[in-house]
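Encoded as structure tokens, the structure appears first; notes follow it.
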Amino acid sequence: MVNRLLAKLLLRELKGNWFQYLSMLAITFLAVTLFTGFVSNTITLRTRTDLYMEQSNVASLILQATVFEDSDVSFLQDGGGIDELEFRTYADGAYSVSGSAEGAIESTLSAKFYITDGNEKINRPYIVEGEAGFMIDKSVADLYGCRVGDKVTVDMSARASAIELPGIPSSVAASVLGRLEFTVTGLMYSIEGVNIYDTSPAFITYGAFWQSLTDNPLVKAALSAAGIDMEDVIELTRNQALIRCADGEAVRGDVNAYFNAKAQNNLVFIYDRESMESVVVLDNEASQSLNMLYVFPVLFFLVAVLVIMTTIGRLILRERTNVGTMKALGISNAKIVLLYASLGGAVTFIGSCLGAAVGPLIIPSVMNIKYGLIYSMPMLCGILYSPLWTTLTIAVVTAAALLIGVGCSRSIIREKPAECMRPKQTAYAPKRTIDTGGTNQAALTCRMGLRNIAINKRRALMTVIGITGCTALLLTSFGIGDTIDASVYNDFGGMFRYDVLASCNASAQSGVEEELSALKDAGEIQNWEFNRIYAATAAAEGVTKTVAVYVIPDDSTMTDVLEGGGVALSASTAEDLGAAAGDSITFTVGSCSVEYTVGRIVTTTTRNGLYITQSDNSFTEDCYYTANVWIQTSSPEAVRDKLMNTDDVLAASTMDEQLEEIRSLASTVNTMKYTVMVFAIALSVVVLYNLSLLNVKERTRDMATLKVLGFTNGKIAATLFVESFTLTFAGTAVGMLLGFPLLYLVMKLNELATIAFIYYLAPLSYFLSALISLGTGAVINVLFGAVVSKIDMTASLKSVE
Amino acid sequence: MEEIKLSGVTKSYGSGDGKIVALDGVDFNISRGEFAVILGPSGSGKSTVLNILGGMDSADGGEVNVFGARVDAMSARELVNYRRNDIGFVFQFYNLMPNLTAFENVALACTESGLDVGELMRGVGLEKRRNNFPAQLSGGEQQRVAIARAIVKKPKLLLCDEPTGALDSKTGQKIIELLSDIRSRYGTTVVVVTHNASLAGVADRVIRLADGRVTQNVLNENVLKAGEIEW
């Protein structure tokens, strides 16, 4: 019977004073929303990635050769430990799309072409629409408005030397392979093209490739004369082998031994699943998502604990008389404690349940916007909940609230019933008093507010931490934009000073030079510089990584990256390799290895890798490379268009276009910006609401007394404002200090493989963050200031009696 | 002669069946400088009368004249000024600001034309306790601070709601003595509301209330000193 009545009491308290528990409910909701949201996001992303990899049947090893000979094929087919084996032809290059969908953008895209038999078993594409033939990436198709049935022009002339066609001279082959016509037969996702901003994958069947080749009557005649059919083309061009095996290390050892033993080693490289960029990127993303759990929710949980402590603590104080009465009636201490602890437990339980329901809906959806902007991969599963994590979170949060409730009620439980029934005066008797000077009403009002902080230290701590968190989060959200801008400006506003960037294959360099000379003669461009880019494998102590090597002209006027000459390593690459200035690192391109001693570390955002001058370049000419052309001109768009119309240039873009592309890529992190901002303001509203509510409730009697003394409502509200503003100001100041470290942490957890951020917070961001924090405080104060006018003097002053 | 005059004052709380009539046509007058005691059992309406007199509550009907001012007709702003300048309040449970010292509590109510706070602290015997916080003072001391706070502005009317209700008899006597002294020293009209009939001995005027009506309003012909009354 007693238990039932106590339960009724609890429910009526909750029903009657629900607004007092709003902050407790809100902060629990926010904390659990974030926590379960990130848990759900991590699980969803991990599952999605795993399903995708399983569906793709990711290769354990990928072997790249110049061309596999029959003996190589036999060795691999007979080799022990290999469960599945597949050969294909790989060629890099570009394709031009002129999509038929509404709003289609005509563009030339760097691409990696996988020519297969159309029945891939390993690293198989996930077909979304159409069928094998010529399939392009679904995200790229959406981006450029391309549909099945659209025509594309493919340029794989860069691999002309690798795709040797008997009877056709290499110069003719380059020309033929530089302009192959295809019709898009399907749209797909490929595990080898997860990063949207990386080179886009395209799958071509040998049949379609043969058809496109032989569409050219001259090629058809030449091949026919040489007695070459499609099967021969397959044999003559297959240069990649995909292997599925249980023990990759053992197979890699065998393969290396076999090719090293050959008189002419035709193996270019071999890499395993863990080195596959998509696998690494997706693994990193899942880890980053997990790491987010430790950043935002922790802050919210900390504030939640303080909010629960202050709210329940105040409730217990308010309920002193009732506690005394219950004790006098013989109700056990345990039951009384349970009653008040249950209040906190019940509210946090509701908040947790709401958070657990909303979090997995909001956070993964927000994060999916980011993933959708960066990654091209199928949505193989919906948003996943973890019943275990959800239940555990709700249970732990509720249990924590119950424990806090028990802790808060302990002191009152020790008192005798009669003591409880006497009004308790706030025992403020400090050793040192806060003195604001003067005894006029303004000074005394100020003093009351400041001393109130000293009395309610826990509440003050809650507010300061909450506002600190809010300000730091706001700074983080603004800092995301600042960092992106600073990073972009570092490269495109300072480090590199060209107007148009064009790229071409090494074989096309002379042709491009001719074009540029003509343009220079016509006065359309002022200057240009060629620089080579190699994809090298860098081996430092215990670390092996693919690194871009940029070869800059000795007398370059378009970059400061090698000012003073020497060898420079980008900061991001140095960090990855654990290298510092003075270290010697071996870079391998193909079969050519060169050791360079790092002269200095340079900060670059997008162009990370090794920088050497042309005179320091020891890589042999036959290594694969592409060439970038930096062009200075007064009419970038016109020069870009002219270059794009030539056969030699693979791609050309203006500095502004590159800036925009980088901004767009980096701004994927921006999707979090507004979410962070909303949560930051919510956090500040919750703590300030709680502080103001507790103040109003606890000091109703004081405020009624001030009314009786003839204080105006404004002056009474000012006593609340002093405390609230002081704490808001303190929290804002601390938040300003913590903003940058939090920004660094968040950006580090969201770092993109292609961009090394230059962390920066603009003065305007500090100003805006402070303005929002203090402004939120001011709004809450104004709202609660209005409550003062509603205080009934007679009722408030009568209550104790 | 200016006076305090209540005519046909009514006040009720709630509505319908739950309506409680607190004052049912209260009429009385108190002359300037008098020490009046309003007596009555619990629920008789004495605190309501005090609240209406002090501008803390409004009457439903009737007229409330305090030294020529119609309190029942005052606007909210006028009531704030009235409370700030003309009225001093002393409560049963002191209602001091817990985070202000005794001196600061008194200074809080001080107006430009008010008394010197330091002198007043000496006057109420709390010179040595001026820097103590309420939690460091006894009940009697706290009530002295509350009285000092109430009279520092030199109010025309000092309203005391059960000022000895939370004190022992000895301390209570001293508080009444202090109130009498203030009345004599500053000529302040003092109205004390209490259910303790023994306080009637020190009053110039005794008003008795029962069920929201005045049952007696008499002048005391034999005013005793605080030390002479039997508690």
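By convention here, the chains of the structure tokens are called A, B, ... in the order presented, each chain's residues are numbered starting at 1, and ligands are numbered starting at 1 in the order presented.
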
For Glu230 (chain B), please output as JSON, numbers by chain all residues within 12 Å (counting only C-alpha atoms; exclusion window: fewer than 3 positions along the same chain). {"B": [169, 170, 172, 173, 196, 197, 198, 199, 200, 201, 202, 224, 225, 226, 227]}

Could you list the residues in chain B lying within 10 Å of chain A, using only C-alpha atoms, and format the result as JSON, numbers by chain? {"B": [47, 48, 51, 52, 54, 55, 56, 57, 76, 77, 79, 80, 81, 82, 83, 84, 85, 86, 87, 88, 89, 91, 92, 93, 94, 95, 96, 97, 98, 99, 100, 101, 103, 104, 105, 106, 107, 108, 109, 110, 111, 112, 117, 131, 132, 133, 134, 135, 136, 149, 150, 153]}

Separation of CA of Gly93 (chain A) from CA of Thr199 (chain A), in Å and rounded to one decimal: 9.1 Å
